[in-house]
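Colleague: Following this line is model_34.pdb, made up of PDB, C-alpha atoms:
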ATOM      1  CA  MET A   1       3.585 -20.689  47.919  1.00  0.00           C
ATOM      2  CA  SER A   2       1.273 -20.205  44.961  1.00  0.00           C
ATOM      3  CA  ASP A   3       0.899 -16.968  43.008  1.00  0.00           C
ATOM      4  CA  ASP A   4      -2.725 -17.785  42.211  1.00  0.00           C
ATOM      5  CA  VAL A   5      -5.404 -15.499  43.560  1.00  0.00           C
ATOM      6  CA  THR A   6      -8.853 -16.650  44.670  1.00  0.00           C
ATOM      7  CA  VAL A   7     -11.662 -14.555  43.234  1.00  0.00           C
ATOM      8  CA  PRO A   8     -15.355 -15.072  43.989  1.00  0.00           C
ATOM      9  CA  THR A   9     -17.397 -16.151  40.974  1.00  0.00           C
ATOM     10  CA  PRO A  10     -20.871 -14.658  40.506  1.00  0.00           C
ATOM     11  CA  SER A  11     -23.743 -17.073  40.745  1.00  0.00           C
ATOM     12  CA  PRO A  12     -25.950 -17.777  37.722  1.00  0.00           C
ATOM     13  CA  ASP A  13     -28.730 -15.608  39.121  1.00  0.00           C
ATOM     14  CA  ASN A  14     -26.336 -12.624  39.411  1.00  0.00           C
ATOM     15  CA  THR A  15     -27.273 -11.969  43.040  1.00  0.00           C
ATOM     16  CA  GLY A  16     -23.775 -12.225  44.367  1.00  0.00           C
ATOM     17  CA  THR A  17     -21.458 -15.092  44.988  1.00  0.00           C
ATOM     18  CA  SER A  18     -22.626 -18.557  45.698  1.00  0.00           C
ATOM     19  CA  PRO A  19     -21.215 -20.189  48.813  1.00  0.00           C
ATOM     20  CA  GLY A  20     -18.058 -22.055  48.112  1.00  0.00           C
ATOM     21  CA  ALA A  21     -17.995 -21.100  44.423  1.00  0.00           C
ATOM     22  CA  SER A  22     -14.744 -19.463  43.620  1.00  0.00           C
ATOM     23  CA  GLY A  23     -12.540 -19.315  40.570  1.00  0.00           C
ATOM     24  CA  ARG A  24      -8.806 -19.443  40.584  1.00  0.00           C
ATOM     25  CA  VAL A  25      -7.039 -16.869  38.497  1.00  0.00           C
ATOM     26  CA  GLY A  26      -3.553 -17.726  37.268  1.00  0.00           C
ATOM     27  CA  PRO A  27      -1.061 -15.722  35.282  1.00  0.00           C
ATOM     28  CA  ALA A  28      -2.504 -13.495  32.587  1.00  0.00           C
ATOM     29  CA  ALA A  29      -3.452 -15.345  29.423  1.00  0.00           C
ATOM     30  CA  PRO A  30      -1.718 -14.269  26.215  1.00  0.00           C
ATOM     31  CA  PRO A  31      -3.731 -11.783  24.195  1.00  0.00           C
ATOM     32  CA  ALA A  32      -6.009 -13.415  21.671  1.00  0.00           C
ATOM     33  CA  ALA A  33      -5.092 -13.148  18.023  1.00  0.00           C
ATOM     34  CA  ARG A  34      -6.886 -10.405  16.157  1.00  0.00           C
ATOM     35  CA  LYS A  35     -10.223 -11.637  14.897  1.00  0.00           C
ATOM     36  CA  GLY A  36     -10.594 -11.521  11.156  1.00  0.00           C
ATOM     37  CA  LYS A  37      -6.887 -11.058  10.410  1.00  0.00           C
ATOM     38  CA  THR A  38      -6.377 -11.061   6.659  1.00  0.00           C
ATOM     39  CA  PRO A  39      -4.395 -14.091   5.471  1.00  0.00           C
ATOM     40  CA  THR A  40      -0.991 -13.320   4.014  1.00  0.00           C
ATOM     41  CA  TRP A  41      -1.811 -15.038   0.738  1.00  0.00           C
ATOM     42  CA  LEU A  42      -4.804 -12.729   0.227  1.00  0.00           C
ATOM     43  CA  VAL A  43      -2.761  -9.601   0.973  1.00  0.00           C
ATOM     44  CA  ALA A  44      -0.096 -10.814  -1.480  1.00  0.00           C
ATOM     45  CA  ALA A  45      -2.708 -11.631  -4.132  1.00  0.00           C
ATOM     46  CA  ILE A  46      -4.411  -8.231  -3.890  1.00  0.00           C
ATOM     47  CA  ALA A  47      -1.121  -6.317  -3.795  1.00  0.00           C
ATOM     48  CA  GLY A  48       0.298  -8.419  -6.634  1.00  0.00           C
ATOM     49  CA  ILE A  49      -2.677  -8.202  -8.980  1.00  0.00           C
ATOM     50  CA  VAL A  50      -3.130  -4.461  -8.500  1.00  0.00           C
ATOM     51  CA  GLY A  51       0.659  -4.125  -8.588  1.00  0.00           C
ATOM     52  CA  LEU A  52       0.609  -5.341 -12.181  1.00  0.00           C
ATOM     53  CA  PHE A  53      -1.263  -2.168 -13.134  1.00  0.00           C
ATOM     54  CA  TYR A  54       1.345  -0.102 -11.308  1.00  0.00           C
ATOM     55  CA  ALA A  55       4.046  -2.040 -13.172  1.00  0.00           C
ATOM     56  CA  TYR A  56       2.335  -1.179 -16.452  1.00  0.00           C
ATOM     57  CA  ALA A  57       2.601   2.513 -15.557  1.00  0.00           C
ATOM     58  CA  VAL A  58       6.341   2.073 -14.880  1.00  0.00           C
ATOM     59  CA  TRP A  59       6.810   0.172 -18.145  1.00  0.00           C
ATOM     60  CA  ASN A  60       4.884   2.851 -20.035  1.00  0.00           C
ATOM     61  CA  ALA A  61       7.064   5.623 -18.584  1.00  0.00           C
ATOM     62  CA  ILE A  62      10.272   3.792 -19.486  1.00  0.00           C
ATOM     63  CA  GLY A  63       8.936   3.110 -22.973  1.00  0.00           C
ATOM     64  CA  ASN A  64       8.122   6.767 -23.483  1.00  0.00           C
ATOM     65  CA  LEU A  65      11.562   7.783 -22.216  1.00  0.00           C
ATOM     66  CA  VAL A  66      13.203   5.486 -24.757  1.00  0.00           C
ATOM     67  CA  ALA A  67      10.904   6.689 -27.561  1.00  0.00           C
ATOM     68  CA  THR A  68      11.549  10.321 -26.667  1.00  0.00           C
ATOM     69  CA  LEU A  69      15.309   9.757 -26.728  1.00  0.00           C
ATOM     70  CA  GLN A  70      15.090   8.038 -30.122  1.00  0.00           C
ATOM     71  CA  VAL A  71      12.939  10.765 -31.683  1.00  0.00           C
ATOM     72  CA  PHE A  72      15.109  13.597 -30.411  1.00  0.00           C
ATOM     73  CA  ALA A  73      18.343  11.770 -31.274  1.00  0.00           C
ATOM     74  CA  GLY A  74      17.129  11.598 -34.877  1.00  0.00           C
ATOM     75  CA  ALA A  75      16.887  15.405 -34.830  1.00  0.00           C
ATOM     76  CA  GLY A  76      20.303  15.780 -33.180  1.00  0.00           C
ATOM     77  CA  LEU A  77      18.830  16.786 -29.800  1.00  0.00           C
ATOM     78  CA  THR A  78      18.933  15.277 -26.329  1.00  0.00           C
ATOM     79  CA  LEU A  79      17.154  15.730 -23.002  1.00  0.00           C
ATOM     80  CA  ASN A  80      18.317  18.301 -20.475  1.00  0.00           C
ATOM     81  CA  ALA A  81      18.187  17.747 -16.699  1.00  0.00           C
ATOM     82  CA  LEU A  82      14.485  18.656 -16.523  1.00  0.00           C
ATOM     83  CA  GLY A  83      13.623  16.157 -19.249  1.00  0.00           C
ATOM     84  CA  TRP A  84      15.522  13.356 -17.518  1.00  0.00           C
ATOM     85  CA  PHE A  85      13.899  14.252 -14.202  1.00  0.00           C
ATOM     86  CA  ILE A  86      10.394  14.214 -15.694  1.00  0.00           C
ATOM     87  CA  TRP A  87      10.739  10.800 -17.324  1.00  0.00           C
ATOM     88  CA  ILE A  88      12.669   9.143 -14.495  1.00  0.00           C
ATOM     89  CA  PHE A  89      10.244  10.472 -11.911  1.00  0.00           C
ATOM     90  CA  ALA A  90       7.357   9.282 -14.089  1.00  0.00           C
ATOM     91  CA  ALA A  91       8.861   5.788 -13.839  1.00  0.00           C
ATOM     92  CA  VAL A  92       9.613   5.936 -10.100  1.00  0.00           C
ATOM     93  CA  PHE A  93       6.380   7.612  -8.935  1.00  0.00           C
ATOM     94  CA  PRO A  94       4.142   4.505  -9.380  1.00  0.00           C
ATOM     95  CA  LEU A  95       6.589   2.475  -7.268  1.00  0.00           C
ATOM     96  CA  ILE A  96       6.485   5.083  -4.505  1.00  0.00           C
ATOM     97  CA  VAL A  97       2.688   5.200  -4.565  1.00  0.00           C
ATOM     98  CA  TRP A  98       2.403   1.390  -4.570  1.00  0.00           C
ATOM     99  CA  GLY A  99       4.722   1.200  -1.554  1.00  0.00           C
ATOM    100  CA  GLY A 100       2.744   3.872   0.272  1.00  0.00           C
ATOM    101  CA  ALA A 101      -0.597   2.238  -0.532  1.00  0.00           C
ATOM    102  CA  PHE A 102       0.714  -1.136   0.611  1.00  0.00           C
ATOM    103  CA  ALA A 103       2.075   0.353   3.845  1.00  0.00           C
ATOM    104  CA  ILE A 104      -1.280   1.982   4.566  1.00  0.00           C
ATOM    105  CA  GLY A 105      -3.468  -0.983   3.667  1.00  0.00           C
ATOM    106  CA  TYR A 106      -1.714  -4.272   4.395  1.00  0.00           C
ATOM    107  CA  ARG A 107      -2.969  -4.512   7.988  1.00  0.00           C
ATOM    108  CA  ARG A 108      -6.524  -3.655   7.068  1.00  0.00           C
ATOM    109  CA  ALA A 109      -9.416  -5.773   5.856  1.00  0.00           C
ATOM    110  CA  PRO A 110      -9.061  -7.119   2.293  1.00  0.00           C
ATOM    111  CA  HIS A 111     -11.641  -4.767   0.802  1.00  0.00           C
ATOM    112  CA  GLU A 112      -9.955  -1.778   2.455  1.00  0.00           C
ATOM    113  CA  LEU A 113      -6.559  -2.850   1.074  1.00  0.00           C
ATOM    114  CA  LEU A 114      -8.101  -3.106  -2.382  1.00  0.00           C
ATOM    115  CA  LEU A 115      -9.660   0.355  -2.079  1.00  0.00           C
ATOM    116  CA  VAL A 116      -6.381   1.921  -0.924  1.00  0.00           C
ATOM    117  CA  MET A 117      -4.468   0.251  -3.767  1.00  0.00           C
ATOM    118  CA  LEU A 118      -7.043   1.397  -6.332  1.00  0.00           C
ATOM    119  CA  THR A 119      -6.977   4.927  -4.928  1.00  0.00           C
ATOM    120  CA  GLY A 120      -3.205   4.948  -5.345  1.00  0.00           C
ATOM    121  CA  LEU A 121      -3.616   3.678  -8.898  1.00  0.00           C
ATOM    122  CA  ALA A 122      -6.013   6.547  -9.608  1.00  0.00           C
ATOM    123  CA  LEU A 123      -3.387   8.957  -8.279  1.00  0.00           C
ATOM    124  CA  VAL A 124      -0.809   7.409 -10.613  1.00  0.00           C
ATOM    125  CA  ALA A 125      -3.220   7.743 -13.555  1.00  0.00           C
ATOM    126  CA  VAL A 126      -3.798  11.426 -12.856  1.00  0.00           C
ATOM    127  CA  PHE A 127      -0.057  11.984 -12.508  1.00  0.00           C
ATOM    128  CA  TRP A 128       0.538  10.161 -15.791  1.00  0.00           C
ATOM    129  CA  LEU A 129      -1.996  12.360 -17.575  1.00  0.00           C
ATOM    130  CA  ASN A 130      -0.175  15.404 -16.230  1.00  0.00           C
ATOM    131  CA  VAL A 131       3.173  14.084 -17.468  1.00  0.00           C
ATOM    132  CA  VAL A 132       1.777  13.351 -20.924  1.00  0.00           C
ATOM    133  CA  ALA A 133       0.127  16.774 -21.126  1.00  0.00           C
ATOM    134  CA  TYR A 134       3.284  18.562 -19.986  1.00  0.00           C
ATOM    135  CA  THR A 135       5.623  16.683 -22.302  1.00  0.00           C
ATOM    136  CA  THR A 136       3.286  17.135 -25.253  1.00  0.00           C
ATOM    137  CA  LEU A 137       2.692  20.848 -24.815  1.00  0.00           C
ATOM    138  CA  ASN A 138       6.117  21.897 -23.499  1.00  0.00           C
ATOM    139  CA  SER A 139       8.547  19.586 -25.236  1.00  0.00           C
ATOM    140  CA  ALA A 140      10.956  22.422 -26.042  1.00  0.00           C
ATOM    141  CA  SER A 141      11.498  23.126 -22.339  1.00  0.00           C
ATOM    142  CA  PHE A 142      13.199  19.823 -21.638  1.00  0.00           C
ATOM    143  CA  LEU A 143      15.458  19.629 -24.659  1.00  0.00           C
ATOM    144  CA  GLY A 144      19.153  20.314 -24.305  1.00  0.00           C
TER     145      GLY A 144
END
Could you write out this file's structure as structure tokens?
Modeller:
Amino acid sequence: MSDDVTVPTPSPDNTGTSPGASGRVGPAAPPAARKGKTPTWLVAAIAGIVGLFYAYAVWNAIGNLVATLQVFAGAGLTLNALGWFIWIFAAVFPLIVWGGAFAIGYRRAPHELLLVMLTGLALVAVFWLNVVAYTTLNSASFLG
């Protein structure tokens, strides 16, 4: 016995079925691949190129941590827990934002991925300005 089902096919003039014209329907066809799926190389290129700017923010935070330690060590001071938290979080935050932006945008169209990554980079820039302002104006609060 066959599992195929006979289904009448509409005639070209859409008035019903033509005599003897029938289509055979077999097992369901696999779903078609998503149209316009972004190639992996393009996702990697966008995430990698914009990721370099995120990496610069991480490098900048680590550089400022080292510079801060050197300056305060010359004065016989060191960072307290708040100071360590501020500078370590300033280095980790861009990585968190990049991961979140990638998770949100990697299944989207290329221009949407780029916009999400750039929005995350803007968030990192604003955060960095806040860190610089706080550490400049309140440096005594994170010294131990």
Colleague: With only C-alpha atoms as the basis for distance, which of A:Ile86, A:Val126, A:Ala109, A:Val131 is at the shortest distance from Thr40 in chain A?
Modeller: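 Looking at the shortest contact to Thr40 in chain A, the residue is A:Ala109.
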Colleague: The PyMOL selection byres ((chain A and resi 93-98) around 12) on the file shown: which residues, as a PyMOL selection string?
Modeller: chain A and resi 46-62+85-92+99-106+113-114+116-128+131
Colleague: What does the structure give for the distance between CA of Gly144 in chain A and CA of Trp84 in chain A, in Å to one decimal?
Modeller: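 Separation between CA of Gly144 in chain A and CA of Trp84 in chain A: 10.4 Å.
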Colleague: I'd like the interatomic distance between CA of Asn130 in chain A and CA of Leu77 in chain A, to a tenth of an Å.
Modeller: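 About the pair CA of Asn130 in chain A and CA of Leu77 in chain A: they are 23.4 Å apart.
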Colleague: If I take CA of Glu112 in chain A and CA of Trp41 in chain A, how far is one from the other in Å, to one decimal?
Modeller: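 Going from CA of Glu112 in chain A over to CA of Trp41 in chain A, I get 15.7 Å.
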